[in-house]
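Undergrad: Sharing my_file09.cif (mmCIF, C-alpha atoms) below.
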```cif
data_coords
#
loop_
_atom_site.label_atom_id
_atom_site.label_comp_id
_atom_site.auth_asym_id
_atom_site.auth_seq_id
_atom_site.Cartn_x
_atom_site.Cartn_y
_atom_site.Cartn_z
CA MET A 1 94.43 126.67 169.79
CA GLU A 2 92.31 128.22 167.05
CA ILE A 3 93.12 131.78 168.06
CA PRO A 4 96.90 131.53 167.50
CA SER A 5 96.36 129.93 164.09
CA LYS A 6 94.08 132.80 163.08
CA ILE A 7 96.62 135.33 164.27
CA SER A 8 99.42 133.63 162.38
CA GLY A 9 97.16 133.53 159.30
CA LEU A 10 96.56 137.26 159.64
CA LYS A 11 100.25 137.92 159.96
CA LYS A 12 100.93 136.05 156.73
CA THR A 13 98.16 137.98 155.01
CA GLU A 14 99.51 141.30 156.28
CA GLU A 15 103.03 140.41 155.15
CA HIS A 16 101.68 139.35 151.77
CA SER A 17 99.71 142.59 151.32
CA ARG A 18 102.70 144.64 152.48
CA HIS A 19 104.84 142.82 149.90
CA GLN A 20 102.27 143.54 147.19
CA ASP A 21 102.14 147.21 148.21
CA SER A 22 105.90 147.53 147.94
CA LYS A 23 105.76 146.14 144.39
CA ILE A 24 102.98 148.51 143.36
CA ALA A 25 104.25 151.45 145.45
CA SER A 26 103.26 154.73 143.84
CA VAL A 27 102.90 155.14 140.14
CA VAL A 28 104.47 158.58 139.68
CA PRO A 29 105.45 159.61 136.16
CA VAL A 30 109.20 159.82 135.64
CA LYS A 31 108.89 163.49 134.69
CA ASP A 32 107.45 164.41 138.12
CA LYS A 33 110.14 162.60 140.12
CA LYS A 34 113.06 164.34 141.78
CA LEU A 35 116.58 163.28 140.90
CA ARG A 36 117.07 161.34 144.11
CA GLU A 37 113.85 159.36 143.44
CA VAL A 38 114.81 158.32 139.90
CA LYS A 39 116.10 154.78 139.46
CA LEU A 40 119.28 154.23 137.47
CA GLY A 41 117.43 152.67 134.54
CA GLU A 42 115.05 155.65 134.33
CA LEU A 43 117.84 158.25 134.41
CA PRO A 44 118.34 158.73 130.63
CA SER A 45 114.62 159.18 129.99
CA TRP A 46 114.35 161.53 133.01
CA ILE A 47 117.18 163.70 131.68
CA LEU A 48 115.68 163.83 128.18
CA MET A 49 112.31 164.97 129.58
CA GLY A 50 113.86 168.26 130.69
CA ASP A 51 113.07 171.54 128.98
CA PHE A 52 116.19 172.45 127.00
CA SER A 53 114.75 175.52 125.29
CA PRO A 54 116.38 178.87 126.15
CA SER A 55 113.46 179.80 128.40
CA GLY A 56 113.61 176.40 130.13
CA ILE A 57 117.34 176.71 130.79
CA PHE A 58 116.88 180.27 132.02
CA GLY A 59 114.07 179.08 134.33
CA ALA A 60 116.29 176.32 135.72
CA PHE A 61 119.07 178.80 136.52
CA GLN A 62 116.54 181.17 138.05
CA ARG A 63 115.09 178.43 140.28
CA GLY A 64 118.59 177.40 141.32
CA TYR A 65 119.52 180.99 142.14
CA TYR A 66 116.38 181.56 144.23
CA ARG A 67 116.86 178.25 146.03
CA TYR A 68 120.48 179.12 146.85
CA TYR A 69 119.60 182.70 147.83
CA ASN A 70 116.79 181.66 150.16
CA LYS A 71 118.82 178.85 151.73
CA TYR A 72 122.13 180.63 152.37
CA ILE A 73 121.79 184.39 151.92
CA ASN A 74 118.27 185.42 152.91
CA VAL A 75 118.20 183.92 156.43
CA LYS A 76 117.72 185.38 159.91
CA LYS A 77 121.07 184.29 161.27
CA GLY A 78 123.21 184.54 158.22
CA SER A 79 126.88 183.83 158.10
CA ILE A 80 129.65 184.23 155.60
CA SER A 81 129.25 180.65 154.35
CA GLY A 82 126.92 181.52 151.45
CA VAL A 83 129.24 184.17 150.03
CA THR A 84 132.27 181.95 150.70
CA MET A 85 130.76 179.16 148.56
CA VAL A 86 130.24 181.56 145.67
CA LEU A 87 133.82 182.80 145.90
CA ALA A 88 135.19 179.26 146.16
CA CYS A 89 133.26 178.22 143.04
CA TYR A 90 134.52 181.28 141.21
CA VAL A 91 138.14 180.48 142.12
CA LEU A 92 137.79 176.82 141.07
CA PHE A 93 136.15 177.64 137.74
CA SER A 94 138.64 180.38 136.90
CA TYR A 95 141.53 178.04 137.77
CA SER A 96 140.08 175.25 135.65
CA PHE A 97 139.65 177.59 132.67
CA SER A 98 143.19 178.92 132.92
CA TYR A 99 144.83 175.58 133.80
CA LYS A 100 146.10 174.95 130.28
CA HIS A 101 147.78 178.33 130.20
CA LEU A 102 149.24 177.87 133.69
CA LYS A 103 150.53 174.42 132.82
CA HIS A 104 152.29 175.86 129.78
CA GLU A 105 153.85 178.54 132.00
CA TRP A 106 155.15 175.93 134.47
CA LEU A 107 156.76 173.84 131.72
CA ARG A 108 158.31 176.86 130.02
CA LYS A 109 159.80 178.15 133.25
CA TYR A 110 162.27 175.26 133.64
CA HIS A 111 163.07 174.43 130.01
#
```
Can you present the structure in this file as structure tokens?
TA:
Amino acid sequence: MEIPSKISGLKKTEEHSRHQDSKIASVVPVKDKKLREVKLGELPSWILMGDFSPSGIFGAFQRGYYRYYNKYINVKKGSISGVTMVLACYVLFSYSFSYKHLKHEWLRKYH
């Protein structure tokens, strides 16, 4: 009978230590976290830790371009999907910029 009680005692200890580990988890600075790892309460401080200088913004665009290029354009079995996404974004942005003018045209047409 002593063996099962020791095993159950070990299980409680393991559960307790696992619970403690989940509370402690990893202490990673907010600056080094990715967006999907940031908790909602940490989001404003994470955003403000970004580099908003001209060189920082340029570097962010450059990293985004290289990430996109290597993921969709520079692949062995490429398809038209990468170029199609760029064209779709261009169409949406150009439509959103000219929406006010188009809306004015629509209203003027019938009045």
Undergrad: What is the atom CA of A:Ala60 to atom CA of A:Ser96 distance in Å?
TA: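 Spanning atom CA of A:Ala60 to atom CA of A:Ser96 is a straight-line distance of 23.8 Å.
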Undergrad: Hey, what comes out of the PyMOL selection byres ((chain A and resi 82-91) around 9) on this file? Could you write it as a ChimeraX atom specification?
TA: /A:68-69,71-73,78-81,92-96
Undergrad: If you apply the PyMOL selection byres ((chain A and resi 30) around 9) to this file, what residues do you get, as a PyMOL selection string?
TA: chain A and resi 28-29+31-34+38+42-43+45-46+49
Undergrad: When you draw a straight line from atom CA of A:Lys39 to atom CA of A:Val27, how long is it in Å?
TA: 13.2 Å
